[in-house]
>>> print(open('coords-v8.cif').read())   # mmCIF, C-alpha atoms
data_upload
loop_
_atom_site.label_atom_id
_atom_site.label_comp_id
_atom_site.auth_asym_id
_atom_site.auth_seq_id
_atom_site.Cartn_x
_atom_site.Cartn_y
_atom_site.Cartn_z
CA MET A 1 -67.23 166.40 -75.25
CA SER A 2 -66.06 166.82 -71.66
CA ASP A 3 -67.98 163.79 -70.46
CA LYS A 4 -66.04 161.60 -72.86
CA GLN A 5 -62.80 162.78 -71.25
CA VAL A 6 -64.16 162.31 -67.73
CA ARG A 7 -65.37 158.81 -68.54
CA SER A 8 -61.98 157.96 -70.01
CA MET A 9 -60.15 159.26 -66.95
CA LEU A 10 -62.42 157.40 -64.53
CA SER A 11 -62.80 154.17 -66.47
CA SER A 12 -59.74 152.52 -64.94
CA LEU A 13 -60.73 153.14 -61.32
CA GLU A 14 -60.88 149.97 -59.32
CA GLY A 15 -63.97 149.16 -57.31
CA PHE A 16 -64.75 146.48 -54.79
CA VAL A 17 -65.76 143.25 -56.51
CA PHE A 18 -67.87 140.65 -54.76
CA ASP A 19 -66.71 137.04 -55.16
CA ASP A 20 -70.26 136.13 -56.16
CA VAL A 21 -72.68 138.67 -57.53
CA PRO A 22 -75.74 138.54 -55.24
CA TRP A 23 -79.09 137.82 -56.86
CA THR A 24 -82.59 138.29 -55.45
CA SER A 25 -85.50 137.10 -57.57
CA PRO A 26 -87.97 139.96 -57.96
CA LYS A 27 -91.70 140.02 -57.46
CA PRO A 28 -93.66 141.31 -60.47
CA LEU A 29 -93.07 145.06 -60.80
CA SER A 30 -96.81 145.72 -60.68
CA GLU A 31 -96.92 144.12 -57.22
CA SER A 32 -93.70 145.68 -55.93
CA ARG A 33 -92.95 148.65 -53.76
CA VAL A 34 -90.13 150.64 -55.36
CA ALA A 35 -87.57 152.97 -53.79
CA ILE A 36 -84.88 155.13 -55.35
CA VAL A 37 -81.29 155.00 -54.14
CA THR A 38 -79.32 157.85 -55.68
CA THR A 39 -75.63 158.68 -55.38
CA ALA A 40 -76.18 162.36 -56.18
CA GLY A 41 -75.60 163.47 -52.61
CA LEU A 42 -79.15 164.76 -52.11
CA THR A 43 -80.12 166.30 -48.80
CA VAL A 44 -83.43 167.50 -47.39
CA ASP A 45 -82.12 169.76 -44.65
CA GLY A 46 -80.92 172.57 -46.91
CA ASN A 47 -77.29 171.53 -46.43
CA ALA A 48 -75.41 171.90 -49.73
CA ASP A 49 -72.15 170.56 -48.31
CA TRP A 50 -71.31 166.82 -48.42
CA ASN A 51 -67.66 166.10 -47.76
CA ALA A 52 -65.59 163.90 -50.04
CA GLY A 53 -65.09 160.65 -48.18
CA ASP A 54 -68.38 160.74 -46.27
CA GLN A 55 -69.93 157.33 -47.03
CA GLY A 56 -73.04 157.97 -44.95
CA PHE A 57 -76.54 158.29 -46.34
CA LYS A 58 -79.57 160.54 -46.07
CA ILE A 59 -83.19 159.46 -46.06
CA ILE A 60 -85.30 161.30 -48.63
CA PRO A 61 -88.96 161.08 -47.60
CA LYS A 62 -91.43 160.91 -50.46
CA GLY A 63 -93.17 164.23 -50.84
CA ASN A 64 -90.26 166.31 -49.59
CA ASP A 65 -89.60 168.70 -52.44
CA ASP A 66 -87.02 170.78 -50.61
CA LEU A 67 -84.05 168.91 -52.03
CA THR A 68 -80.46 170.06 -52.34
CA LEU A 69 -77.81 168.41 -54.50
CA ALA A 70 -74.75 168.54 -52.24
CA HIS A 71 -72.26 166.31 -54.13
CA TYR A 72 -68.65 167.52 -53.76
CA SER A 73 -67.45 166.81 -57.30
CA PRO A 74 -67.45 169.68 -59.81
CA ASN A 75 -67.16 167.21 -62.68
CA PHE A 76 -70.77 166.87 -63.76
CA ASP A 77 -73.61 169.07 -64.96
CA ARG A 78 -76.02 170.52 -62.40
CA THR A 79 -78.19 172.72 -64.60
CA GLY A 80 -80.38 169.78 -65.57
CA TRP A 81 -81.07 169.11 -61.90
CA ILE A 82 -82.04 172.73 -61.28
CA VAL A 83 -84.65 172.84 -64.04
CA ASP A 84 -86.02 169.31 -63.46
CA LYS A 85 -85.27 167.20 -60.38
CA ASN A 86 -86.59 164.14 -62.21
CA VAL A 87 -83.57 163.99 -64.49
CA VAL A 88 -81.65 162.93 -61.35
CA PHE A 89 -84.36 161.73 -58.96
CA PRO A 90 -87.34 160.54 -61.04
CA ILE A 91 -89.88 160.46 -58.23
CA ASP A 92 -92.66 161.99 -60.34
CA ARG A 93 -92.12 159.39 -63.06
CA LEU A 94 -92.41 156.59 -60.48
CA GLU A 95 -95.63 158.11 -59.13
CA GLU A 96 -97.06 158.16 -62.66
CA MET A 97 -96.07 154.53 -63.16
CA ALA A 98 -97.76 153.62 -59.87
CA GLU A 99 -100.93 155.47 -60.86
CA GLU A 100 -100.95 153.51 -64.13
CA GLY A 101 -100.46 150.22 -62.32
CA ILE A 102 -97.05 149.54 -63.85
CA VAL A 103 -95.38 149.85 -60.44
CA GLY A 104 -97.11 148.45 -57.37
CA SER A 105 -96.40 151.42 -55.13
CA VAL A 106 -93.80 154.10 -54.50
CA ALA A 107 -91.94 153.85 -51.21
CA GLU A 108 -92.20 156.52 -48.55
CA THR A 109 -88.46 156.15 -47.92
CA HIS A 110 -85.79 156.88 -50.51
CA ILE A 111 -82.05 157.04 -49.94
CA SER A 112 -79.15 159.19 -51.05
CA PHE A 113 -75.49 158.33 -50.83
CA MET A 114 -72.73 160.31 -52.54
CA GLY A 115 -70.73 158.72 -55.34
CA ALA A 116 -67.16 159.36 -56.53
CA GLN A 117 -65.84 158.20 -53.18
CA PRO A 118 -62.04 158.47 -52.78
CA ASP A 119 -62.00 155.12 -50.93
CA HIS A 120 -62.77 152.76 -53.78
CA THR A 121 -63.13 149.81 -51.42
CA LEU A 122 -66.29 151.47 -50.03
CA GLU A 123 -65.68 149.66 -46.76
CA THR A 124 -68.09 151.84 -44.75
CA ILE A 125 -70.87 151.42 -47.31
CA ARG A 126 -70.33 147.67 -47.49
CA MET A 127 -70.09 147.06 -43.77
CA ASP A 128 -72.11 149.82 -42.14
CA SER A 129 -74.10 152.45 -44.00
CA GLY A 130 -75.22 150.20 -46.87
CA PRO A 131 -76.83 147.62 -44.57
CA ALA A 132 -78.28 150.45 -42.43
CA ALA A 133 -79.88 152.02 -45.50
CA ALA A 134 -81.23 148.61 -46.50
CA GLN A 135 -82.79 148.28 -43.05
CA ALA A 136 -84.59 151.61 -43.54
CA LEU A 137 -85.93 150.31 -46.86
CA ARG A 138 -86.94 147.03 -45.26
CA GLU A 139 -88.94 148.88 -42.60
CA ASP A 140 -90.85 150.55 -45.46
CA ASN A 141 -91.57 147.15 -47.06
CA VAL A 142 -89.60 147.96 -50.20
CA ASP A 143 -89.23 145.17 -52.77
CA ILE A 144 -87.31 146.72 -55.66
CA VAL A 145 -84.57 149.36 -55.56
CA LEU A 146 -83.81 151.65 -58.48
CA LEU A 147 -80.20 152.84 -58.26
CA ILE A 148 -79.29 156.06 -60.04
CA PRO A 149 -75.81 157.61 -60.23
CA VAL A 150 -74.81 161.04 -61.50
CA MET B 1 -72.87 152.43 -57.97
CA GLY B 2 -72.07 148.81 -58.86
CA THR B 3 -70.79 147.95 -55.41
CA LEU B 4 -73.72 149.70 -53.72
CA ALA B 5 -76.16 147.76 -55.91
CA SER B 6 -74.61 144.48 -54.81
CA VAL B 7 -74.67 145.54 -51.15
CA ILE B 8 -78.40 146.24 -51.37
CA GLU B 9 -79.15 143.13 -53.43
CA GLN B 10 -77.31 141.09 -50.82
CA GLN B 11 -79.73 142.51 -48.23
CA GLY B 12 -82.64 140.85 -50.03
CA PHE B 13 -83.85 143.49 -52.51
CA ALA B 14 -83.98 143.10 -56.26
CA THR B 15 -82.03 146.02 -57.71
CA VAL B 16 -81.90 147.67 -61.10
CA ALA B 17 -79.23 150.28 -61.75
CA ILE B 18 -78.50 152.94 -64.30
CA SER B 19 -74.79 153.01 -65.18
CA CYS B 20 -73.06 156.20 -66.28
CA ILE B 21 -69.47 154.94 -66.63
CA ARG B 22 -69.60 151.67 -68.49
CA GLU B 23 -66.17 150.35 -67.54
CA GLN B 24 -67.00 150.73 -63.86
CA ALA B 25 -70.19 148.73 -64.35
CA VAL B 26 -68.10 146.03 -66.01
CA THR B 27 -65.58 146.08 -63.16
CA THR B 28 -68.02 146.10 -60.25
CA SER B 29 -70.74 143.86 -61.77
CA PRO B 30 -74.01 145.17 -60.34
CA PRO B 31 -76.71 142.48 -60.63
CA ARG B 32 -78.79 144.35 -63.26
CA ALA B 33 -77.53 147.48 -64.99
CA LEU B 34 -78.54 149.61 -67.95
CA HIS B 35 -75.69 151.71 -69.24
CA CYS B 36 -76.86 155.13 -70.42
CA GLU B 37 -74.36 157.22 -72.34
CA PHE B 38 -76.00 160.47 -71.24
CA PRO B 39 -74.36 163.63 -69.90
CA LEU B 40 -72.92 163.09 -66.45
CA GLY B 41 -75.33 164.65 -63.97
CA ARG B 42 -78.36 163.81 -66.12
CA PRO B 43 -78.86 160.06 -65.60
CA LEU B 44 -82.41 160.14 -67.00
CA GLY B 45 -81.07 161.89 -70.10
CA LYS B 46 -83.30 164.85 -70.80
CA PRO B 47 -84.69 167.36 -68.29
CA ASN B 48 -88.37 168.20 -68.73
CA ASP B 49 -88.90 165.36 -71.21
CA VAL B 50 -91.40 163.07 -69.51
CA ASP B 51 -91.65 160.60 -72.39
CA PHE B 52 -87.88 160.19 -72.68
CA GLN B 53 -87.49 159.66 -68.94
CA ARG B 54 -90.29 157.10 -68.95
CA GLU B 55 -88.64 155.17 -71.78
CA VAL B 56 -85.40 155.00 -69.83
CA LEU B 57 -87.24 153.76 -66.75
CA ASN B 58 -89.11 151.18 -68.81
CA ALA B 59 -85.78 149.91 -70.13
CA VAL B 60 -84.16 149.68 -66.73
CA PHE B 61 -87.17 147.92 -65.16
CA ASP B 62 -87.20 145.47 -68.09
CA LEU B 63 -84.01 144.05 -66.59
CA LEU B 64 -86.17 142.49 -63.87
CA ASN B 65 -87.24 139.94 -66.47
CA GLU B 66 -83.71 138.57 -66.81
CA PRO B 67 -83.51 135.04 -65.38
CA SER B 68 -79.96 135.39 -64.07
CA GLY B 69 -77.15 137.88 -63.79
CA PRO B 70 -75.12 139.91 -63.68
CA VAL B 71 -76.64 141.59 -66.70
CA LEU B 72 -75.38 144.80 -68.33
CA THR B 73 -77.17 146.21 -71.34
CA ASP B 74 -76.74 149.44 -73.28
CA TYR B 75 -79.46 151.99 -73.86
CA PRO B 76 -79.58 152.54 -77.62
CA ILE B 77 -79.72 156.35 -77.53
CA GLU B 78 -76.64 158.45 -76.68
CA ILE B 79 -76.66 162.10 -75.69
CA ILE B 80 -73.46 164.12 -75.93
CA ASP B 81 -72.72 167.08 -73.67
CA ASP B 82 -72.22 170.56 -75.11
CA ALA B 83 -69.03 171.65 -73.37
CA ASP B 84 -67.66 172.62 -76.79
CA SER B 85 -70.48 175.11 -77.30
CA PRO B 86 -70.44 177.59 -74.44
CA LEU B 87 -73.73 179.19 -73.61
CA SER B 88 -74.17 182.67 -74.99
CA CYS B 89 -75.69 185.11 -72.57
CA THR B 90 -75.26 188.77 -71.82
CA ILE B 91 -74.43 189.74 -68.27
CA PRO B 92 -76.52 192.64 -66.99
CA PRO B 93 -74.45 195.67 -65.93
CA ALA B 94 -74.30 196.74 -62.31
CA ASP B 95 -73.46 200.15 -60.87
CA THR B 96 -70.23 198.96 -59.36
CA SER B 97 -67.44 201.15 -60.68
CA ASP B 98 -65.57 200.73 -57.41
CA ARG B 99 -65.40 196.92 -57.61
CA ASN B 100 -62.99 194.68 -59.48
CA PRO B 101 -64.44 193.37 -62.75
CA ALA B 102 -65.21 189.87 -61.47
CA ALA B 103 -67.05 191.14 -58.39
CA ALA B 104 -68.95 193.68 -60.48
CA GLU B 105 -69.94 190.95 -62.90
CA ALA B 106 -71.33 188.80 -60.08
CA LEU B 107 -73.28 191.72 -58.65
CA GLY B 108 -74.85 192.17 -62.07
CA LEU B 109 -75.92 188.52 -62.03
CA LEU B 110 -77.56 188.52 -58.60
CA PRO B 111 -81.06 189.46 -59.86
CA ALA B 112 -80.89 186.68 -62.45
CA TRP B 113 -79.80 184.15 -59.82
CA ARG B 114 -82.71 185.22 -57.60
CA ARG B 115 -85.16 184.76 -60.50
CA THR B 116 -83.87 181.23 -61.07
CA ASN B 117 -84.10 180.43 -57.40
CA GLU B 118 -87.66 181.72 -57.24
CA LYS B 119 -88.70 179.88 -60.40
CA TYR B 120 -87.30 176.44 -59.60
CA GLY B 121 -87.02 176.54 -55.81
CA ARG B 122 -83.66 174.78 -55.89
CA THR B 123 -80.06 175.89 -55.61
CA THR B 124 -76.70 174.20 -55.27
CA VAL B 125 -75.13 177.35 -53.82
CA GLY B 126 -74.48 177.18 -50.10
CA LYS B 127 -71.61 174.79 -49.43
CA VAL B 128 -69.79 177.61 -47.64
CA ILE B 129 -71.24 180.92 -48.82
CA THR B 130 -74.53 182.47 -49.87
CA ALA B 131 -75.23 183.91 -53.30
CA GLU B 132 -74.89 187.40 -51.84
CA GLN B 133 -71.32 186.62 -50.79
CA VAL B 134 -70.17 185.59 -54.28
CA PRO B 135 -68.87 189.08 -55.25
CA ASP B 136 -66.75 189.27 -52.10
CA MET B 137 -65.32 185.82 -52.77
CA LEU B 138 -64.34 186.95 -56.24
CA ASP B 139 -62.37 189.78 -54.68
CA LEU B 140 -60.46 187.10 -52.75
CA PHE B 141 -59.94 184.77 -55.73
CA THR B 142 -58.73 187.76 -57.75
CA ARG B 143 -56.08 188.41 -55.12
CA VAL B 144 -54.95 184.76 -55.38
CA ALA B 145 -54.94 185.13 -59.16
CA GLU B 146 -52.68 188.16 -58.75
CA GLY B 147 -50.19 186.20 -56.67
CA GLU B 148 -51.21 186.28 -53.01
CA ALA B 149 -51.09 183.00 -51.08
CA TRP B 150 -54.54 181.42 -50.98
CA GLN B 151 -54.29 180.72 -47.26
CA GLU B 152 -53.75 184.41 -46.53
CA VAL B 153 -56.56 186.19 -48.33
CA GLY B 154 -59.30 185.33 -45.85
CA LEU B 155 -61.32 182.68 -47.67
CA PRO B 156 -63.92 181.52 -45.14
CA GLY B 157 -63.51 177.79 -45.85
CA ASP B 158 -62.36 175.11 -48.28
CA PRO B 159 -61.49 176.97 -51.52
CA THR B 160 -62.87 174.14 -53.67
CA LYS B 161 -66.27 174.46 -52.01
CA ILE B 162 -66.27 178.24 -52.36
CA ALA B 163 -65.27 177.94 -56.02
CA ALA B 164 -68.12 175.45 -56.48
CA ASP B 165 -70.54 177.92 -54.91
CA VAL B 166 -69.32 180.60 -57.33
CA LYS B 167 -69.58 178.31 -60.36
CA ASN B 168 -73.01 177.07 -59.35
CA PHE B 169 -74.18 180.65 -58.77
CA TYR B 170 -73.13 181.62 -62.29
CA GLU B 171 -74.68 178.54 -63.88
CA GLU B 172 -77.94 179.07 -62.03
CA ALA B 173 -77.99 182.77 -62.95
CA SER B 174 -77.48 181.84 -66.60
CA LEU B 175 -80.74 179.88 -66.55
CA SER B 176 -82.58 183.19 -66.29
CA LEU B 177 -80.51 184.84 -69.01
CA SER B 178 -81.03 182.37 -71.84
CA ASP B 179 -84.17 181.37 -73.66
CA SER B 180 -84.16 177.69 -72.83
CA ALA B 181 -82.60 175.22 -70.44
CA PRO B 182 -78.97 174.84 -71.50
CA SER B 183 -77.59 171.61 -72.83
CA ALA B 184 -75.23 169.84 -70.47
CA ARG B 185 -72.00 171.67 -69.63
CA SER B 186 -72.68 174.65 -71.92
CA ALA B 187 -73.19 176.88 -68.87
CA GLU B 188 -70.04 175.43 -67.31
CA SER B 189 -67.99 176.31 -70.39
CA TRP B 190 -69.51 179.79 -70.46
CA PHE B 191 -68.58 180.32 -66.83
CA VAL B 192 -64.99 179.08 -67.09
CA GLN B 193 -64.11 180.48 -70.48
CA HIS B 194 -66.21 183.60 -70.90
CA THR B 195 -66.66 185.24 -67.51
CA GLN B 196 -64.33 187.35 -65.42
CA ALA B 197 -65.06 185.10 -62.46
CA GLY B 198 -64.15 181.90 -64.29
CA GLN B 199 -60.92 183.38 -65.54
CA ALA B 200 -60.00 184.69 -62.07
CA ILE B 201 -60.54 181.25 -60.53
CA GLN B 202 -58.58 179.62 -63.36
CA LYS B 203 -55.60 181.90 -62.68
CA ALA B 204 -55.96 181.32 -58.94
CA ARG B 205 -55.97 177.55 -59.60
CA VAL B 206 -52.75 177.80 -61.63
CA ASN B 207 -51.07 179.91 -58.94
CA MET B 208 -52.11 177.47 -56.22
CA LYS B 209 -50.79 174.53 -58.22
CA GLU B 210 -47.49 176.26 -58.98
CA SER B 211 -47.02 177.32 -55.36
CA GLY B 212 -47.33 173.75 -54.12
CA ALA B 213 -50.87 173.77 -52.74
CA ASN B 214 -52.32 170.39 -51.80
CA PHE B 215 -53.52 168.54 -54.92
CA TYR B 216 -57.11 168.45 -53.68
CA PHE B 217 -57.33 172.22 -53.33
CA TRP B 218 -56.20 173.17 -56.81
CA TYR B 219 -57.49 170.12 -58.69
CA TYR B 220 -61.09 170.47 -57.53
CA LEU B 221 -61.17 174.24 -57.91
CA LEU B 222 -62.70 173.81 -61.39
CA PRO B 223 -64.04 170.82 -63.36
CA MET B 224 -61.07 168.71 -64.42
CA THR B 225 -61.88 169.09 -68.10
CA GLN B 226 -61.78 172.88 -67.73
CA HIS B 227 -58.19 173.09 -66.46
CA HIS B 228 -56.22 175.39 -68.72
CA GLU B 229 -52.53 175.81 -68.06
CA PRO B 230 -50.57 179.11 -68.18
CA THR B 231 -49.76 178.77 -71.88
CA ASP B 232 -53.48 178.69 -72.58
CA LEU B 233 -54.41 181.70 -70.46
#
>>> encode(input="coords-v8.cif", output="C-alpha cells")
Amino acid sequence: MSDKQVRSMLSSLEGFVFDDVPWTSPKPLSESRVAIVTTAGLTVDGNADWNAGDQGFKIIPKGNDDLTLAHYSPNFDRTGWIVDKNVVFPIDRLEEMAEEGIVGSVAETHISFMGAQPDHTLETIRMDSGPAAAQALREDNVDIVLLIPV
Amino acid sequence: MGTLASVIEQQGFATVAISCIREQAVTTSPPRALHCEFPLGRPLGKPNDVDFQREVLNAVFDLLNEPSGPVLTDYPIEIIDDADSPLSCTIPPADTSDRNPAAAEALGLLPAWRRTNEKYGRTTVGKVITAEQVPDMLDLFTRVAEGEAWQEVGLPGDPTKIAADVKNFYEEASLSLSDSAPSARSAESWFVQHTQAGQAIQKARVNMKESGANFYFWYYLLPMTQHHEPTDL
C-alpha cells in the first residue's frame, strides 16, 4: 500500500497552471504519426544518473534498445521496467498498433524528461526545454504525443 | 506531467496523457488525461501483459475523440502495489568470512545480479558505482550505521545515489532468485526490511538525520514509505 501513501503525500503539490488549457484538434489516429514523451528519466548513453532539478530532455531514437532509467527518485518501483520496458515506454505496443493500421506511424524521435521536479513552476520546461523538445518532434513530423509518467 | 502536456499541446501537437497522481492531473489540467491507479513506476499497469497494455493504450487514445477539454477520465481497473508482502527469496552464501554481514550478503548476490543483467539487458545500477562496488559501499554504510560521520567514511559521491545503486542492485538480483517477476514494491520491501544491506542503510539514514545532515541526503536515502525510526529498528 506504499503507493497510496506516496500519492497522498504528493497530492497537494502545486503545479504551474495555464490560464487557458491549450487545445489542438487531432488528425485521425490512423493517419497520425505518434511519439512518446516519458518523464521516467530515460537515457540512451548508458548514464544512470539524472540530477534532481535537471529539467532538460533526452532524445530516444526509435530502435535504440539500450535504455537506462536514470530517474533520481527512489519512490517508485523499477522491477517492472527491468523485466519489460513497455510497462514504462510502450514502444513495442505502438509498433503493433501501427502494423495493424490503428496508428498511422511511429515516430523516429521520442523524448524523455524527468518528473518529480523540485521546481514545481517548471520554468525551464515551459520556456526552454519543452519548446525545444517540441521542435525535435516537429522535425520528425509528429502529430500526436503520448505522455507517460512514472 | 500535466504542465508538460500543456506545453507540448501549445506547440501544436494533440496530446494524450496517462496520469498517475490524480490530484495533480486535476490541479494542472492537461488537455486529455486518463488516470490509471496503477503502481507508481508501472504506468501501463502490468509488465509482460501485452493485452492489458494495449487496452490501456486504447483507452488513452480514445480521448482523442473528445470534442473539447480539458478532459480527465479514470481507467476502471486499479492495481495495488505489494509493499505489504515482501518478496521471499533466499540469498546464496558467499565465502566471505572476513567481510561484514552486509558486504558478504551482497557478494553472494552478485551472480544473481549478473544473470538478471544478462537476461534483460537493462540495469538501473550505475548512478555512482558499479554492481561490483556494492559490497564495498555496504562496508561504508555500515560504518555510518555504527556512528561515523557520513562525510568521513569515503563514500565516492552523493550518498542518496549510492544507496539507490545498492537498492537497485538488490532488487535486480532478486529477479533471478524468485520464480516470477515480483509485484510492485515487493522487492523493495524485501530489500529494506529483510536484508542486512537494507537494515544498514536504514540505520545510517537515522544517524544522518539525527546528526543534522541535509534533509535531501537522509530523506532520499531510502523510499519515503520505507523510513523506520529508531523505535522501529
>>> resolve_selection(input="coords-v8.cif", expression="the PyMOL selection byres ((chain B and resi 72) around 8)", output="count of residues only")
10
>>> resolve_selection(input="coords-v8.cif", expression="the PyMOL selection byres ((chain A and resi 75) around 7)", output="MDAnalysis selection string")
(chainID A and resid 73:74 76) or (chainID B and resid 223:224)
>>> atom_distance(input="coords-v8.cif", atom1="atom CA of Thr160 of chain B", atom2="atom CA of Asn117 of chain B")
22.5 Å
>>> axis_aligned_box(input="coords-v8.cif", around="segment 191-208 of chain B", padding_each_side="4 Å", output="lines of an AutoDock Vina configuration file")
center_x = -59.8
center_y = 182.4
center_z = -63.6
size_x = 25.5
size_y = 17.9
size_z = 22.7
>>> closest_residue(input="coords-v8.cif", among="A:Val21, A:Leu10, A:Ala40, A:Val34", to="Arg42 of chain B", atoms="all atoms listed in the file")
A:Ala40
>>> closest_atom_pairs(input="coords-v8.cif", of="chain B", to="chain A", cutoff="7 Å", atoms="only C-alpha atoms", output="CSV")
residue,atom,partner,partner_atom,distance
B:Met1,CA,A:Pro149,CA,6.4
B:Thr3,CA,A:Phe16,CA,6.2
B:Ala5,CA,A:Leu147,CA,6.9
B:Ser6,CA,A:Pro22,CA,6.1
B:Val7,CA,A:Arg126,CA,6.1
B:Ile8,CA,A:Ala134,CA,6.1
B:Glu9,CA,A:Pro22,CA,6.0
B:Gln10,CA,A:Pro22,CA,5.3
B:Gln11,CA,A:Ala134,CA,6.5
B:Gly12,CA,A:Thr24,CA,6.0
B:Phe13,CA,A:Asp143,CA,5.6
B:Ala14,CA,A:Ile144,CA,5.0
B:Thr15,CA,A:Val145,CA,4.7
B:Val16,CA,A:Leu146,CA,5.1
B:Ala17,CA,A:Leu147,CA,4.4
B:Ile18,CA,A:Ile148,CA,5.3
B:Ser19,CA,A:Pro149,CA,6.8
B:Cys20,CA,A:Pro149,CA,6.8
B:Ile21,CA,A:Arg7,CA,6.0
B:Glu23,CA,A:Ser11,CA,5.2
B:Gln24,CA,A:Ser11,CA,6.0
B:Thr27,CA,A:Gly15,CA,6.8
B:Thr28,CA,A:Val17,CA,5.2
B:Ser29,CA,A:Val21,CA,7.0
B:Pro31,CA,A:Val21,CA,6.4
B:Pro39,CA,A:Asp3,CA,6.4
B:Leu40,CA,A:Phe76,CA,5.1
B:Gly41,CA,A:Val150,CA,4.4
B:Arg42,CA,A:Val87,CA,5.5
B:Pro43,CA,A:Val88,CA,5.8
B:Leu44,CA,A:Val87,CA,4.7
B:Gly45,CA,A:Val87,CA,6.5
B:Lys46,CA,A:Val87,CA,6.4
B:Pro47,CA,A:Val87,CA,5.2
B:Asn48,CA,A:Asp84,CA,5.9
B:Arg54,CA,A:Arg93,CA,6.6
B:Leu64,CA,A:Pro26,CA,6.7
B:Pro70,CA,A:Val21,CA,6.7
B:Ile80,CA,A:Met1,CA,6.7
B:Asp81,CA,A:Met1,CA,5.8
B:Asp82,CA,A:Met1,CA,6.5
B:Ala83,CA,A:Met1,CA,5.9
B:Asp84,CA,A:Met1,CA,6.4
B:Tyr120,CA,A:Val83,CA,6.3
B:Arg122,CA,A:Ile82,CA,6.0
B:Thr123,CA,A:Thr68,CA,6.7
B:Thr124,CA,A:Leu69,CA,5.9
B:Val125,CA,A:Ala48,CA,6.8
B:Gly126,CA,A:Ala48,CA,5.4
B:Lys127,CA,A:Asp49,CA,4.4
B:Ala164,CA,A:Pro74,CA,6.7
B:Glu171,CA,A:Thr79,CA,6.8
B:Glu172,CA,A:Thr79,CA,6.9
B:Ala184,CA,A:Asp77,CA,5.8
B:Arg185,CA,A:Asp77,CA,5.6
B:Tyr220,CA,A:Pro74,CA,6.8
B:Leu222,CA,A:Pro74,CA,6.5
B:Pro223,CA,A:Asn75,CA,4.8
B:Met224,CA,A:Asn75,CA,6.5
B:Thr225,CA,A:Ser2,CA,5.9
>>> build_atoms(input="coords-v8.cif", residues="segment 56-72 of chain A", atoms="N, CA and C atoms", output="short mmCIF file (atom, residue, chain, number, x, y, z; two decimals), in the frame of the given file")
data_model
loop_
_atom_site.label_atom_id
_atom_site.label_comp_id
_atom_site.auth_asym_id
_atom_site.auth_seq_id
_atom_site.Cartn_x
_atom_site.Cartn_y
_atom_site.Cartn_z
N GLY A 56 -71.73 158.08 -45.60
CA GLY A 56 -73.04 157.97 -44.95
C GLY A 56 -74.17 158.13 -45.95
N PHE A 57 -75.39 158.12 -45.45
CA PHE A 57 -76.54 158.29 -46.34
C PHE A 57 -77.58 159.20 -45.71
N LYS A 58 -78.45 159.72 -46.52
CA LYS A 58 -79.57 160.54 -46.07
C LYS A 58 -80.86 159.86 -46.51
N ILE A 59 -81.86 159.94 -45.68
CA ILE A 59 -83.19 159.46 -46.06
C ILE A 59 -83.94 160.61 -46.72
N ILE A 60 -84.52 160.32 -47.89
CA ILE A 60 -85.30 161.30 -48.63
C ILE A 60 -86.76 160.88 -48.55
N PRO A 61 -87.55 161.49 -47.69
CA PRO A 61 -88.96 161.08 -47.60
C PRO A 61 -89.72 161.48 -48.86
N LYS A 62 -90.59 160.57 -49.31
CA LYS A 62 -91.43 160.91 -50.46
C LYS A 62 -92.25 162.16 -50.12
N GLY A 63 -92.38 163.04 -51.07
CA GLY A 63 -93.17 164.23 -50.84
C GLY A 63 -92.36 165.42 -50.37
N ASN A 64 -91.11 165.18 -49.97
CA ASN A 64 -90.26 166.31 -49.59
C ASN A 64 -89.65 166.90 -50.85
N ASP A 65 -90.08 168.09 -51.20
CA ASP A 65 -89.60 168.70 -52.44
C ASP A 65 -88.48 169.70 -52.19
N ASP A 66 -88.06 169.82 -50.95
CA ASP A 66 -87.02 170.78 -50.61
C ASP A 66 -85.66 170.09 -50.65
N LEU A 67 -85.26 169.71 -51.85
CA LEU A 67 -84.05 168.91 -52.03
C LEU A 67 -82.87 169.76 -52.45
N THR A 68 -81.70 169.39 -51.95
CA THR A 68 -80.46 170.06 -52.34
C THR A 68 -79.48 169.02 -52.86
N LEU A 69 -78.84 169.30 -53.97
CA LEU A 69 -77.81 168.41 -54.50
C LEU A 69 -76.47 168.88 -53.94
N ALA A 70 -75.91 168.09 -53.02
CA ALA A 70 -74.75 168.54 -52.24
C ALA A 70 -73.45 167.84 -52.64
N HIS A 71 -73.45 167.08 -53.71
CA HIS A 71 -72.26 166.31 -54.13
C HIS A 71 -71.02 167.21 -54.22
N TYR A 72 -69.87 166.68 -53.80
CA TYR A 72 -68.65 167.52 -53.76
C TYR A 72 -68.00 167.70 -55.13
#
